[in-house]
Amino acid sequence: MTEKTTGASYAAAGVDIEAGDRAVELMKEWVKKTQRPEVLGGLGGFAGLFDASALKRYERPLLASATDGVGTKVDIARQLGVYDTIGHDLVAMVMDDIVVCGAEPLFMTDYICVGKVHPERVAAIVKGIAEGCVLAGCALVGGETAEHPGLLGPDDFDVAGAGTGVVEYDRLLGADRIRTGDAVIAMASSGLHSNGYSLVRHVLFDRAKMSLESHVEELGRTLGEELLEPTKIYSLDCMALTRTAEVHAYSHITGGGLAANLARVIPDHLHATVDRATWAPGAIFDLVGKAGQVEQLELEKTLNMGVGMMAVVPQESVDVALTALADRGVDAWVAGEILDRGDHGEGATLTGTYAS
């Protein structure tokens, strides 16, 4: 008697289509919360639709786009089994880049890659992305969940996203607006945000042998809770500030650290100087530095050191700007100024010693 053979199937290869469909159903309620009037259709189409006629009020609309991920911070979420905050980080990484040029965030799409679809887990990730979109004022118009068995472990995942915003041409912010004497305003970060986690993980886990469950007195909570603190989303704060005060430029402090990111918006003939004495970095930065014997300059070119966004404004706008940010609950302060390049060289430098 000939033995019956079973043909190959997608399921046998490790891809569960039914689980994917279940994940889509679970995430629909969260995506719906992000909808703006310009969004047409619902989740499940081949493409997200956004009514561009809303841009008719602009005389010369410029579309701004950005794409990013969250990096190795996703591994902290995986280890802790907490999946509904990492989406905040994703939205912040994308939309806070867009708002830097003065653009209003409009919509975003996401890409979630998993080793195995766990519907509730995927829905939790999307929940975080949707909540982040609400905080940024943009719509989540679509995305993709891909199952990659054999390439990723059953519990492994990664996230990425792309966003679009719009700004009037004559309101575009950037280096060409910055003038000598402008003030540099720093806005506090919520912690490490989503950059430098390869260094942080190496220092705290490989070298210091700490665990995510360790309660760290200096932090006032467990290490895992600190490392998973969501990135602050500044989009609506920056838009409100631009409407309230004259702003010449923003700088989103991400990979590369404060000086390098601020330098990206400084014109060649000028120089930005930032005084470390105007703030004290949070305890997590000191912990990473001491645990890994990481030199200060290495920390500063990897981590945000307690500053997540910077605004360059004329001196006469400082008081109005600080009041506007305070009214929105944003901890902000004057951290530096814009000088003629002279002997300072191009870009931006940090001076002085951090406050204790």
# chains A, B, ... in the order shown; residues from 1 in each chain; ligands from 1
>>> residues_around(residues="Leu228 of chain A", least_positions_apart="2", cutoff="7 Å", atoms="only C-alpha atoms", output="JSON, numbers by chain")
{"A": [76, 77, 224, 225, 226, 230]}
>>> write_last_selection(atoms="N, CA, C and O atoms", output="CSV table (one decimal), in the first residue's frame")
chain,number,residue,atom,x,y,z
A,76,ILE,N,13.8,45.0,24.7
A,76,ILE,CA,13.4,45.2,26.1
A,76,ILE,C,11.9,44.9,26.2
A,76,ILE,O,11.5,44.3,27.1
A,77,ALA,N,11.1,45.4,25.2
A,77,ALA,CA,9.7,45.1,25.2
A,77,ALA,C,9.4,43.6,25.2
A,77,ALA,O,8.6,43.1,25.9
A,224,GLY,N,13.9,47.7,34.1
A,224,GLY,CA,13.1,47.5,32.9
A,224,GLY,C,12.1,48.6,32.7
A,224,GLY,O,11.8,49.0,31.6
A,225,GLU,N,11.5,49.1,33.8
A,225,GLU,CA,10.5,50.2,33.7
A,225,GLU,C,11.2,51.4,33.1
A,225,GLU,O,10.6,52.2,32.3
A,226,GLU,N,12.4,51.7,33.6
A,226,GLU,CA,13.1,52.9,33.1
A,226,GLU,C,13.5,52.7,31.6
A,226,GLU,O,13.3,53.7,30.8
A,230,PRO,N,8.4,55.4,27.4
A,230,PRO,CA,8.2,55.8,26.0
A,230,PRO,C,8.9,57.1,25.7
A,230,PRO,O,9.0,58.0,26.5
>>> select_by_dssp(residues="segment 273-339 of chain A", states="strand (DSSP E or B)", output="list in words")
Thr273, Val274, Asp275, Val307, Gly308, Met309, Met310, Ala311, Val312, Val313, Ala332, Trp333, Val334, Ala335, Gly336, Glu337, Ile338 and Leu339 of chain A
>>> write_last_selection(atoms="C-alpha atoms", output="JSON list (two decimals), in the first residue's frame")
[["chain", "number", "residue", "atom", "x", "y", "z"],
["A", 273, "THR", "CA", 26.99, 76.80, 21.95],
["A", 274, "VAL", "CA", 25.08, 74.90, 24.65],
["A", 275, "ASP", "CA", 25.90, 75.24, 28.34],
["A", 307, "VAL", "CA", 17.21, 66.81, 26.04],
["A", 308, "GLY", "CA", 14.81, 65.45, 23.41],
["A", 309, "MET", "CA", 14.06, 68.52, 21.31],
["A", 310, "MET", "CA", 15.62, 71.97, 20.86],
["A", 311, "ALA", "CA", 14.16, 75.16, 19.46],
["A", 312, "VAL", "CA", 16.10, 78.13, 18.11],
["A", 313, "VAL", "CA", 14.20, 81.38, 18.67],
["A", 332, "ALA", "CA", 12.04, 73.74, 28.92],
["A", 333, "TRP", "CA", 14.86, 76.22, 29.52],
["A", 334, "VAL", "CA", 17.37, 78.43, 27.71],
["A", 335, "ALA", "CA", 20.40, 76.22, 27.18],
["A", 336, "GLY", "CA", 22.55, 78.17, 24.74],
["A", 337, "GLU", "CA", 22.89, 80.76, 22.02],
["A", 338, "ILE", "CA", 23.87, 81.28, 18.41],
["A", 339, "LEU", "CA", 27.21, 82.97, 17.77]]
>>> residues_around(residues="Leu223 of chain A", least_positions_apart="2", cutoff="7 Å", atoms="only C-alpha atoms", output="ChimeraX atom specification")
/A:212-216,221,225-227
>>> closest_residue(among="A:Asp155, A:Asp319, A:Glu295, A:Glu59", to="Asp75 of chain A", atoms="only C-alpha atoms")
A:Asp155
>>> residues_around(residues="segment 344-350 of chain A", least_positions_apart="5", cutoff="10 Å", atoms="only C-alpha atoms", output="JSON, numbers by chain")
{"A": [258, 259, 260, 261, 262, 263, 264, 265, 266, 267, 268, 269, 270, 271, 272, 273, 274, 275, 276, 277, 297, 300, 335, 336, 337, 338, 339]}
>>> residues_around(residues="Cys238 of chain A", least_positions_apart="4", cutoff="9 Å", atoms="only C-alpha atoms", output="list in words")
Asp96, Val99, Val100, Gly102, Tyr234, Thr242, Arg243, Tyr250, Ala311 and Leu325 of chain A
>>> residues_around(residues="Val94 of chain A", least_positions_apart="6", cutoff="6 Å", atoms="only C-alpha atoms", output="PyMOL selection string")
chain A and resi 66-68
>>> write_last_selection(atoms="all heavy atoms", output="CSV table (one decimal), in the first residue's frame")
chain,number,residue,atom,x,y,z
A,66,ALA,N,9.1,61.2,6.5
A,66,ALA,CA,10.2,60.6,7.2
A,66,ALA,C,9.9,59.1,7.5
A,66,ALA,O,8.7,58.7,7.5
A,66,ALA,CB,10.4,61.3,8.6
A,67,THR,N,10.9,58.3,7.7
A,67,THR,CA,10.8,56.9,8.1
A,67,THR,C,11.8,56.6,9.1
A,67,THR,O,12.9,57.1,9.2
A,67,THR,CB,10.9,56.0,6.8
A,67,THR,OG1,10.6,54.7,7.2
A,67,THR,CG2,12.3,56.1,6.3
A,68,ASP,N,11.4,55.6,10.0
A,68,ASP,CA,12.3,55.3,11.1
A,68,ASP,C,11.9,54.0,11.8
A,68,ASP,O,10.8,53.5,11.4
A,68,ASP,CB,12.5,56.4,12.1
A,68,ASP,CG,13.8,56.5,12.8
A,68,ASP,OD1,14.5,55.4,12.9
A,68,ASP,OD2,14.2,57.6,13.2
>>> closest_atom_pairs(of="segment 85-129 of chain A", to="segment 183-202 of chain A", cutoff="12 Å", atoms="only C-alpha atoms", output="tab-separated table")
residue	atom	partner	partner_atom	distance
A:Thr85	CA	A:His193	CA	11.7
A:Ile86	CA	A:Ser194	CA	9.3
A:Gly87	CA	A:Ser194	CA	11.0
A:His88	CA	A:His193	CA	10.0
A:Asp89	CA	A:Ser194	CA	6.4
A:Leu90	CA	A:Ser194	CA	8.4
A:Val91	CA	A:Ser194	CA	10.9
A:Ala92	CA	A:His193	CA	8.9
A:Met93	CA	A:Ser194	CA	7.7
A:Val94	CA	A:Ser194	CA	11.4
